[in-house]
>>> print(open('run_10.tsv').read())   # TSV, C-alpha atoms
chain	number	residue	atom	x	y	z
A	1	MET	CA	-31.38	-45.22	-65.36
A	2	PRO	CA	-27.75	-45.92	-64.38
A	3	LEU	CA	-24.83	-44.55	-66.36
A	4	ASP	CA	-22.98	-46.91	-68.67
A	5	PRO	CA	-19.85	-47.88	-66.65
A	6	THR	CA	-18.09	-49.28	-69.72
A	7	LEU	CA	-17.55	-45.68	-70.87
A	8	LYS	CA	-14.86	-45.16	-68.24
A	9	GLY	CA	-11.74	-44.07	-70.14
A	10	ARG	CA	-13.63	-42.70	-73.14
A	11	GLU	CA	-12.07	-39.61	-74.71
A	12	TYR	CA	-13.79	-36.88	-76.69
A	13	GLY	CA	-12.81	-34.41	-79.38
A	14	GLU	CA	-10.27	-31.80	-78.40
A	15	VAL	CA	-11.50	-28.36	-77.39
A	16	SER	CA	-9.32	-25.29	-77.75
A	17	LEU	CA	-9.35	-21.71	-76.62
A	18	GLU	CA	-7.20	-18.68	-77.29
A	19	VAL	CA	-6.91	-16.64	-74.09
A	20	GLU	CA	-7.88	-13.09	-75.07
A	21	VAL	CA	-7.37	-9.86	-73.12
A	22	ALA	CA	-11.02	-8.78	-73.11
A	23	HIS	CA	-12.18	-12.21	-71.95
A	24	VAL	CA	-9.69	-12.29	-69.07
A	25	VAL	CA	-10.68	-8.78	-67.93
A	26	ARG	CA	-14.40	-9.68	-68.03
A	27	PHE	CA	-13.71	-12.86	-66.07
A	28	ALA	CA	-11.66	-11.04	-63.40
A	29	GLU	CA	-14.41	-8.44	-63.03
A	30	ALA	CA	-17.12	-11.09	-62.75
A	31	ILE	CA	-15.33	-12.83	-59.89
A	32	GLY	CA	-14.60	-9.50	-58.19
A	33	ASP	CA	-10.81	-9.84	-58.29
A	34	ALA	CA	-9.23	-6.39	-58.63
A	35	ASN	CA	-5.60	-7.60	-59.02
A	36	LEU	CA	-3.95	-5.47	-61.73
A	37	ILE	CA	-1.97	-8.50	-62.88
A	38	TYR	CA	-5.23	-9.60	-64.63
A	39	ARG	CA	-5.79	-6.16	-66.18
A	40	ASP	CA	-2.65	-5.38	-68.16
A	41	ALA	CA	0.65	-6.81	-69.31
A	42	GLU	CA	2.71	-4.09	-67.62
A	43	ALA	CA	1.42	-5.10	-64.17
A	44	GLY	CA	2.17	-8.73	-65.00
A	45	ARG	CA	5.76	-7.94	-66.01
A	46	ALA	CA	6.23	-5.70	-62.96
A	47	ALA	CA	5.35	-8.75	-60.85
A	48	GLY	CA	7.92	-10.88	-62.66
A	49	HIS	CA	5.63	-12.74	-65.07
A	50	PRO	CA	6.04	-12.77	-68.88
A	51	GLY	CA	2.85	-10.71	-69.26
A	52	GLN	CA	-0.79	-10.46	-68.25
A	53	LEU	CA	-2.09	-13.40	-66.25
A	54	ALA	CA	-5.60	-14.84	-66.10
A	55	PRO	CA	-7.11	-15.62	-62.69
A	56	PRO	CA	-6.42	-19.26	-61.68
A	57	THR	CA	-10.06	-20.31	-62.13
A	58	PHE	CA	-10.08	-19.00	-65.71
A	59	ALA	CA	-9.41	-22.72	-66.24
A	60	THR	CA	-13.16	-23.07	-65.66
A	61	VAL	CA	-13.80	-21.74	-69.17
A	62	LEU	CA	-12.01	-24.79	-70.63
A	63	GLN	CA	-13.52	-27.09	-68.04
A	64	ILE	CA	-17.05	-26.06	-69.00
A	65	MET	CA	-16.26	-26.59	-72.71
A	66	THR	CA	-14.84	-30.06	-72.02
A	67	SER	CA	-17.68	-31.08	-69.67
A	68	ALA	CA	-20.22	-30.06	-72.32
A	69	ARG	CA	-18.66	-32.56	-74.75
A	70	VAL	CA	-19.11	-35.40	-72.28
A	71	ILE	CA	-22.59	-34.39	-71.11
A	72	ALA	CA	-23.78	-34.34	-74.72
A	73	ASP	CA	-22.75	-37.99	-75.23
A	74	GLN	CA	-26.02	-39.87	-75.73
A	75	ASP	CA	-24.32	-43.23	-74.96
A	76	LEU	CA	-23.67	-42.10	-71.41
A	77	GLY	CA	-27.35	-41.78	-70.53
A	78	LEU	CA	-26.89	-38.73	-68.30
A	79	ASN	CA	-30.09	-36.90	-67.33
A	80	TYR	CA	-28.78	-33.37	-66.86
A	81	ALA	CA	-31.81	-32.40	-64.75
A	82	LEU	CA	-30.51	-34.81	-62.06
A	83	VAL	CA	-26.91	-33.60	-62.21
A	84	VAL	CA	-25.21	-31.59	-59.47
A	85	HIS	CA	-21.61	-30.31	-59.59
A	86	GLY	CA	-20.18	-32.16	-56.58
A	87	GLU	CA	-16.49	-31.44	-56.64
A	88	GLN	CA	-13.88	-29.51	-58.62
A	89	GLU	CA	-10.12	-29.77	-58.59
A	90	TYR	CA	-7.42	-27.82	-60.43
A	91	GLU	CA	-3.73	-28.54	-60.39
A	92	TRP	CA	-1.66	-25.84	-62.08
A	93	SER	CA	1.76	-26.33	-63.62
A	94	ARG	CA	1.95	-22.62	-64.40
A	95	PRO	CA	-0.48	-19.66	-64.48
A	96	ILE	CA	-2.71	-19.19	-67.53
A	97	ARG	CA	-1.57	-16.14	-69.53
A	98	VAL	CA	-3.14	-13.84	-72.07
A	99	GLY	CA	-2.09	-15.09	-75.51
A	100	ASP	CA	-2.03	-18.74	-74.50
A	101	ARG	CA	-3.52	-21.15	-77.02
A	102	LEU	CA	-4.90	-23.85	-74.78
A	103	SER	CA	-6.36	-27.19	-75.73
A	104	ALA	CA	-7.70	-30.17	-73.83
A	105	VAL	CA	-9.00	-33.64	-74.58
A	106	PRO	CA	-12.02	-34.40	-72.34
A	107	ARG	CA	-11.90	-37.82	-70.74
A	108	ILE	CA	-14.13	-39.87	-68.44
A	109	ALA	CA	-11.78	-40.78	-65.60
A	110	ASP	CA	-14.29	-42.70	-63.50
A	111	ILE	CA	-17.90	-43.76	-63.13
A	112	ARG	CA	-18.91	-45.18	-59.78
A	113	ALA	CA	-21.96	-45.58	-57.57
A	114	ARG	CA	-22.19	-44.71	-53.89
A	115	GLY	CA	-25.54	-45.16	-52.19
A	116	PRO	CA	-28.33	-43.95	-54.46
A	117	ASN	CA	-26.08	-41.64	-56.45
A	118	GLU	CA	-23.58	-42.07	-59.25
A	119	TYR	CA	-20.35	-40.13	-59.56
A	120	LEU	CA	-19.01	-39.17	-62.96
A	121	VAL	CA	-15.40	-37.95	-62.87
A	122	LEU	CA	-14.20	-35.97	-65.90
A	123	GLU	CA	-10.63	-34.92	-66.55
A	124	ALA	CA	-9.23	-32.30	-68.86
A	125	ASP	CA	-5.48	-32.11	-69.29
A	126	VAL	CA	-5.09	-28.51	-70.46
A	127	ARG	CA	-1.93	-27.92	-72.49
A	128	ASP	CA	-0.39	-24.97	-74.33
A	129	ASP	CA	0.59	-24.97	-78.01
A	130	ALA	CA	4.07	-26.27	-77.07
A	131	GLY	CA	2.36	-29.33	-75.60
A	132	GLN	CA	3.27	-28.39	-72.03
A	133	ARG	CA	0.71	-28.96	-69.30
A	134	VAL	CA	-0.81	-25.78	-67.90
A	135	VAL	CA	-3.52	-27.17	-65.65
A	136	LEU	CA	-5.26	-30.44	-64.92
A	137	ALA	CA	-8.97	-30.04	-64.27
A	138	ARG	CA	-10.92	-32.79	-62.53
A	139	THR	CA	-14.69	-32.40	-62.29
A	140	THR	CA	-16.99	-34.67	-60.29
A	141	LEU	CA	-20.63	-34.62	-61.32
A	142	LEU	CA	-23.26	-36.28	-59.16
A	143	SER	CA	-26.12	-37.99	-60.88
A	144	ARG	CA	-28.77	-38.04	-58.17
A	145	GLY	CA	-30.68	-41.24	-57.56
A	146	THR	CA	-29.61	-43.06	-60.71
A	147	ALA	CA	-27.60	-45.91	-59.14
A	148	VAL	CA	-28.98	-49.42	-59.31
A	149	PRO	CA	-30.47	-50.20	-55.86
B	1	MET	CA	7.68	-13.41	-58.62
B	2	THR	CA	7.15	-15.52	-55.55
B	3	ALA	CA	4.65	-15.43	-52.74
B	4	ARG	CA	5.06	-12.71	-50.12
B	5	VAL	CA	4.23	-15.25	-47.41
B	6	ARG	CA	7.45	-16.86	-46.18
B	7	PHE	CA	7.56	-20.48	-45.08
B	8	GLU	CA	9.37	-19.49	-41.87
B	9	ASP	CA	6.59	-17.08	-40.91
B	10	VAL	CA	3.71	-19.57	-40.85
B	11	ALA	CA	2.62	-22.43	-38.60
B	12	VAL	CA	-0.03	-25.14	-38.64
B	13	GLY	CA	-3.25	-23.59	-37.38
B	14	ASP	CA	-2.62	-20.15	-38.97
B	15	ARG	CA	-5.62	-18.71	-40.76
B	16	VAL	CA	-5.87	-16.92	-44.09
B	17	PRO	CA	-7.51	-13.47	-43.68
B	18	ALA	CA	-11.22	-13.96	-44.38
B	19	ARG	CA	-12.64	-12.17	-47.40
B	20	SER	CA	-16.36	-11.38	-47.79
B	21	LYS	CA	-18.55	-10.14	-50.59
B	22	THR	CA	-22.24	-9.78	-51.20
B	23	VAL	CA	-23.37	-11.93	-54.12
B	24	ARG	CA	-25.17	-9.76	-56.66
B	25	ARG	CA	-27.30	-10.84	-59.58
B	26	GLU	CA	-25.35	-8.65	-62.03
B	27	GLU	CA	-22.09	-10.31	-61.00
B	28	VAL	CA	-23.54	-13.81	-61.36
B	29	LYS	CA	-24.90	-12.83	-64.79
B	30	ALA	CA	-21.44	-11.48	-65.72
B	31	TYR	CA	-19.93	-14.75	-64.47
B	32	ALA	CA	-22.33	-16.78	-66.61
B	33	ASP	CA	-21.21	-14.83	-69.69
B	34	ALA	CA	-17.49	-14.86	-68.86
B	35	SER	CA	-17.32	-18.53	-67.89
B	36	GLY	CA	-19.70	-19.84	-70.56
B	37	ASP	CA	-21.96	-21.59	-68.03
B	38	ARG	CA	-25.33	-20.11	-69.00
B	39	ASN	CA	-27.49	-22.63	-67.14
B	40	PRO	CA	-30.83	-20.79	-66.51
B	41	LEU	CA	-30.63	-21.93	-62.88
B	42	HIS	CA	-28.21	-19.02	-62.39
B	43	GLN	CA	-30.12	-16.39	-64.35
B	44	ASP	CA	-33.84	-17.09	-64.51
B	45	ASP	CA	-35.91	-16.97	-61.29
B	46	ALA	CA	-38.91	-18.70	-62.87
B	47	PHE	CA	-36.71	-21.59	-64.00
B	48	ALA	CA	-35.00	-21.83	-60.57
B	49	ARG	CA	-38.43	-22.00	-58.90
B	50	SER	CA	-39.51	-24.73	-61.31
B	51	VAL	CA	-36.69	-26.94	-59.99
B	52	GLY	CA	-37.43	-26.21	-56.34
B	53	PHE	CA	-35.30	-23.19	-55.39
B	54	PRO	CA	-36.77	-19.89	-54.13
B	55	GLY	CA	-34.80	-18.03	-56.82
B	56	VAL	CA	-31.61	-18.15	-58.85
B	57	ILE	CA	-28.47	-19.53	-57.22
B	58	ALA	CA	-24.82	-18.64	-57.83
B	59	HIS	CA	-22.60	-21.03	-59.77
B	60	GLY	CA	-20.55	-23.31	-57.51
B	61	MET	CA	-17.55	-22.16	-59.53
B	62	PHE	CA	-18.40	-18.54	-58.66
B	63	SER	CA	-17.93	-19.42	-54.97
B	64	MET	CA	-14.79	-21.43	-55.77
B	65	ALA	CA	-13.33	-18.37	-57.53
B	66	HIS	CA	-13.94	-16.37	-54.36
B	67	VAL	CA	-11.96	-18.96	-52.40
B	68	THR	CA	-9.04	-18.81	-54.87
B	69	THR	CA	-9.01	-14.98	-54.81
B	70	THR	CA	-8.95	-15.11	-51.01
B	71	LEU	CA	-5.89	-17.37	-51.22
B	72	THR	CA	-4.05	-15.43	-53.94
B	73	GLU	CA	-4.61	-12.09	-52.13
B	74	TRP	CA	-3.01	-13.60	-49.05
B	75	LEU	CA	-0.17	-15.17	-51.05
B	76	GLY	CA	0.48	-12.04	-53.13
B	77	ASP	CA	1.17	-14.11	-56.25
B	78	PRO	CA	-1.42	-16.14	-58.21
B	79	ALA	CA	1.35	-18.51	-59.35
B	80	ALA	CA	1.83	-19.65	-55.75
B	81	LEU	CA	-1.52	-21.43	-55.78
B	82	ARG	CA	-0.60	-24.92	-57.05
B	83	ARG	CA	-3.65	-27.06	-56.44
B	84	ILE	CA	-7.16	-26.77	-55.06
B	85	ARG	CA	-9.95	-29.28	-54.59
B	86	VAL	CA	-13.36	-28.14	-53.39
B	87	GLN	CA	-16.63	-29.84	-52.54
B	88	PHE	CA	-19.86	-27.96	-53.20
B	89	ARG	CA	-22.18	-28.67	-50.29
B	90	ALA	CA	-24.88	-25.99	-50.33
B	91	VAL	CA	-26.22	-23.36	-52.72
B	92	VAL	CA	-25.79	-19.58	-52.50
B	93	PHE	CA	-28.69	-17.16	-53.09
B	94	MET	CA	-28.58	-13.60	-54.41
B	95	GLY	CA	-27.96	-10.95	-51.75
B	96	GLU	CA	-26.16	-13.34	-49.41
B	97	THR	CA	-22.72	-12.51	-48.07
B	98	LEU	CA	-20.12	-15.07	-49.05
B	99	THR	CA	-17.06	-15.36	-46.79
B	100	ALA	CA	-14.01	-17.44	-47.67
B	101	SER	CA	-11.01	-18.40	-45.58
B	102	GLY	CA	-8.60	-21.22	-44.91
B	103	GLU	CA	-6.33	-22.73	-42.29
B	104	ILE	CA	-2.89	-24.29	-42.61
B	105	VAL	CA	-3.12	-28.00	-41.80
B	106	ALA	CA	0.30	-29.27	-42.94
B	107	LEU	CA	3.72	-27.93	-43.90
B	108	ASP	CA	6.36	-29.46	-46.18
B	109	GLU	CA	9.74	-27.98	-45.29
B	110	ALA	CA	11.66	-29.55	-48.19
B	111	GLU	CA	9.30	-28.08	-50.80
B	112	ARG	CA	8.40	-24.98	-48.76
B	113	ARG	CA	4.77	-25.76	-49.37
B	114	ALA	CA	1.68	-25.56	-47.18
B	115	THR	CA	-1.55	-27.53	-47.33
B	116	LEU	CA	-4.64	-25.67	-46.25
B	117	SER	CA	-8.17	-26.60	-45.38
B	118	VAL	CA	-10.34	-24.05	-47.24
B	119	TRP	CA	-13.99	-23.12	-47.06
B	120	ALA	CA	-16.68	-20.62	-48.00
B	121	GLU	CA	-19.80	-19.87	-45.98
B	122	VAL	CA	-22.90	-17.71	-45.90
B	123	GLU	CA	-25.02	-16.62	-42.97
B	124	ARG	CA	-28.60	-17.78	-43.37
B	125	GLU	CA	-31.33	-17.37	-40.74
B	126	GLY	CA	-28.73	-16.78	-38.06
B	127	LEU	CA	-26.74	-19.89	-38.95
B	128	ARG	CA	-23.43	-20.18	-40.72
B	129	VAL	CA	-23.83	-22.48	-43.69
B	130	ARG	CA	-20.65	-23.86	-45.27
B	131	VAL	CA	-21.26	-23.91	-49.01
B	132	ILE	CA	-17.72	-25.16	-49.70
B	133	LYS	CA	-16.21	-27.54	-47.16
B	134	ASN	CA	-14.05	-30.69	-46.88
B	135	SER	CA	-11.82	-28.83	-49.32
B	136	GLU	CA	-8.09	-28.24	-49.54
B	137	ALA	CA	-5.43	-26.24	-51.32
B	138	GLU	CA	-1.70	-26.55	-51.75
B	139	VAL	CA	0.43	-23.39	-51.96
B	140	GLN	CA	4.06	-22.61	-52.66
B	141	LEU	CA	5.52	-20.27	-50.05
B	142	ALA	CA	8.58	-18.04	-50.40
>>> encode(input="run_10.tsv", output="structure tokens")
Amino acid sequence: MPLDPTLKGREYGEVSLEVEVAHVVRFAEAIGDANLIYRDAEAGRAAGHPGQLAPPTFATVLQIMTSARVIADQDLGLNYALVVHGEQEYEWSRPIRVGDRLSAVPRIADIRARGPNEYLVLEADVRDDAGQRVVLARTTLLSRGTAVP
Amino acid sequence: MTARVRFEDVAVGDRVPARSKTVRREEVKAYADASGDRNPLHQDDAFARSVGFPGVIAHGMFSMAHVTTTLTEWLGDPAALRRIRVQFRAVVFMGETLTASGEIVALDEAERRATLSVWAEVEREGLRVRVIKNSEAEVQLA
């Protein structure tokens, strides 16, 4: 069944995340990045940053939370068994840091068909508690074989 | 801090030093927990077989993270990575060796920025399979 194209532009409830030391260290270890800048604040300051950084793709934690909001929307008619993660984009305004309180409003940026597949583009504008943009995440999900022939 | 790679020292066609790692089940499990993506496709062999794979596959984002680490190690400063867009084109199985690299395709002198084509690949049955391709990154050079 095709996705409901009228849902383009729909926004969902805000998700938020406090960036904690232990979480950042676990994430850096899981991706196999040994940079000390992700391990302690001293290394971050020594490199000229205000403190301990998170790896750039720590943004994925927020992106997964925001995507889950959209995927759970019954109106959309998404069959998750047919969904493949097609594309991912991040555009950073500054690095994510330990201690950041991040929030994002998930939004459906586009729904379009190409051949037998449909493309669902989700955006999350991740901001800090001062309202400044930290990173823009754009996720393209492919819904296989659900386009109207 | 700024990148250790200076704009004057690079040219279109230059390559980022390739970085390889063997994808291990424990790491993918740790990634599932750290990222919050606990899809059984990445943790449960029986489930992965039920949807047509020979076993669990790594998260696409796990491979993307390897690409970004490859770039930030070259740049010397994570803040120098400004934008990345990747396409996931093939899956990665446990025990495979994932290699990421990139090549400078454009330079912006006014902004001292470079655009790179980036990719990640595995070797499978004697062939190189690009799991991330048609992808690009924008970096701020010193």
>>> residues_around(input="run_10.tsv", residues="Met61 (chain B)", least_positions_apart="5", cutoff="10 Å", atoms="all atoms listed in the file", output="PyMOL selection string")
(chain A and resi 31+57+60+85+87-88) or (chain B and resi 31+35+37+66-67+86+88)
>>> closest_atom_pairs(input="run_10.tsv", of="chain B", to="chain A", cutoff="6 Å", atoms="all atoms listed in the file", output="Markdown table")
| residue | atom | partner | partner_atom | distance |
| --- | --- | --- | --- | --- |
| B:Met1 | CA | A:Gly48 | CA | 4.8 |
| B:Glu27 | CA | A:Ala30 | CA | 5.3 |
| B:Ala30 | CA | A:Ala30 | CA | 5.3 |
| B:Tyr31 | CA | A:Ala30 | CA | 4.9 |
| B:Ala34 | CA | A:Phe27 | CA | 5.1 |
| B:Ser35 | CA | A:Val61 | CA | 4.9 |
| B:Ala65 | CA | A:Thr57 | CA | 6.0 |
| B:Ala79 | CA | A:Pro95 | CA | 5.6 |
| B:Arg82 | CA | A:Trp92 | CA | 5.2 |
| B:Arg83 | CA | A:Glu91 | CA | 4.2 |
| B:Ile84 | CA | A:Tyr90 | CA | 5.5 |
| B:Arg85 | CA | A:Glu89 | CA | 4.0 |
| B:Val86 | CA | A:Gln88 | CA | 5.4 |
| B:Gln87 | CA | A:Glu87 | CA | 4.4 |
| B:Phe88 | CA | A:Gly86 | CA | 5.4 |
>>> write_last_selection(input="run_10.tsv", atoms="C-alpha atoms", output="CSV table (one decimal), in the coordinates of the input")
chain,number,residue,atom,x,y,z
B,1,MET,CA,7.7,-13.4,-58.6
B,27,GLU,CA,-22.1,-10.3,-61.0
B,30,ALA,CA,-21.4,-11.5,-65.7
B,31,TYR,CA,-19.9,-14.8,-64.5
B,34,ALA,CA,-17.5,-14.9,-68.9
B,35,SER,CA,-17.3,-18.5,-67.9
B,65,ALA,CA,-13.3,-18.4,-57.5
B,79,ALA,CA,1.4,-18.5,-59.4
B,82,ARG,CA,-0.6,-24.9,-57.0
B,83,ARG,CA,-3.6,-27.1,-56.4
B,84,ILE,CA,-7.2,-26.8,-55.1
B,85,ARG,CA,-10.0,-29.3,-54.6
B,86,VAL,CA,-13.4,-28.1,-53.4
B,87,GLN,CA,-16.6,-29.8,-52.5
B,88,PHE,CA,-19.9,-28.0,-53.2
>>> residues_around(input="run_10.tsv", residues="Val129 (chain B)", least_positions_apart="5", cutoff="9 Å", atoms="all atoms listed in the file", output="MDAnalysis selection string")
chainID B and resid 90 120:124
>>> closest_residue(input="run_10.tsv", among="A:Pro116, A:Gly51, A:Gly131, A:Gly77", to="Val98 (chain A)", atoms="only C-alpha atoms")
A:Gly51
>>> atom_distance(input="run_10.tsv", atom1="CA of Arg144 (chain A)", atom2="CA of Pro2 (chain A)")
10.1 Å
>>> atom_distance(input="run_10.tsv", atom1="CA of Arg4 (chain B)", atom2="CA of Thr72 (chain B)")
10.2 Å
>>> closest_residue(input="run_10.tsv", among="B:Ser117, B:Glu136, B:Asn39, B:Val131", to="Tyr80 (chain A)", atoms="only C-alpha atoms")
B:Asn39
>>> residues_near_point(input="run_10.tsv", point="(-10.3, -21.4, -47.6)", cutoff="8 Å", atoms="all atoms listed in the file", output="PDB file with C-alpha atoms, keeping the file's coordinate frame")
ATOM      1  CA  VAL B  16      -5.870 -16.920 -44.090  1.00  0.00           C
ATOM      2  CA  VAL B  67     -11.960 -18.960 -52.400  1.00  0.00           C
ATOM      3  CA  THR B  68      -9.040 -18.810 -54.870  1.00  0.00           C
ATOM      4  CA  THR B  70      -8.950 -15.110 -51.010  1.00  0.00           C
ATOM      5  CA  LEU B  71      -5.890 -17.370 -51.220  1.00  0.00           C
ATOM      6  CA  ALA B 100     -14.010 -17.440 -47.670  1.00  0.00           C
ATOM      7  CA  SER B 101     -11.010 -18.400 -45.580  1.00  0.00           C
ATOM      8  CA  GLY B 102      -8.600 -21.220 -44.910  1.00  0.00           C
ATOM      9  CA  GLU B 103      -6.330 -22.730 -42.290  1.00  0.00           C
ATOM     10  CA  LEU B 116      -4.640 -25.670 -46.250  1.00  0.00           C
ATOM     11  CA  SER B 117      -8.170 -26.600 -45.380  1.00  0.00           C
ATOM     12  CA  VAL B 118     -10.340 -24.050 -47.240  1.00  0.00           C
ATOM     13  CA  TRP B 119     -13.990 -23.120 -47.060  1.00  0.00           C
ATOM     14  CA  ALA B 120     -16.680 -20.620 -48.000  1.00  0.00           C
ATOM     15  CA  SER B 135     -11.820 -28.830 -49.320  1.00  0.00           C
ATOM     16  CA  GLU B 136      -8.090 -28.240 -49.540  1.00  0.00           C
ATOM     17  CA  ALA B 137      -5.430 -26.240 -51.320  1.00  0.00           C
TER      18      ALA B 137
END
>>> atom_distance(input="run_10.tsv", atom1="CA of Tyr12 (chain A)", atom2="CA of Ser63 (chain B)")
28.2 Å
>>> residues_around(input="run_10.tsv", residues="Ala11 (chain B)", least_positions_apart="5", cutoff="9 Å", atoms="all atoms listed in the file", output="mmCIF file with C-alpha atoms, keeping the file's coordinate frame")
data_model
loop_
_atom_site.group_PDB
_atom_site.id
_atom_site.type_symbol
_atom_site.label_atom_id
_atom_site.label_comp_id
_atom_site.auth_asym_id
_atom_site.auth_seq_id
_atom_site.Cartn_x
_atom_site.Cartn_y
_atom_site.Cartn_z
ATOM 1 C CA ILE B 104 -2.890 -24.290 -42.610
ATOM 2 C CA VAL B 105 -3.120 -28.000 -41.800
ATOM 3 C CA ALA B 106 0.300 -29.270 -42.940
ATOM 4 C CA LEU B 107 3.720 -27.930 -43.900
#
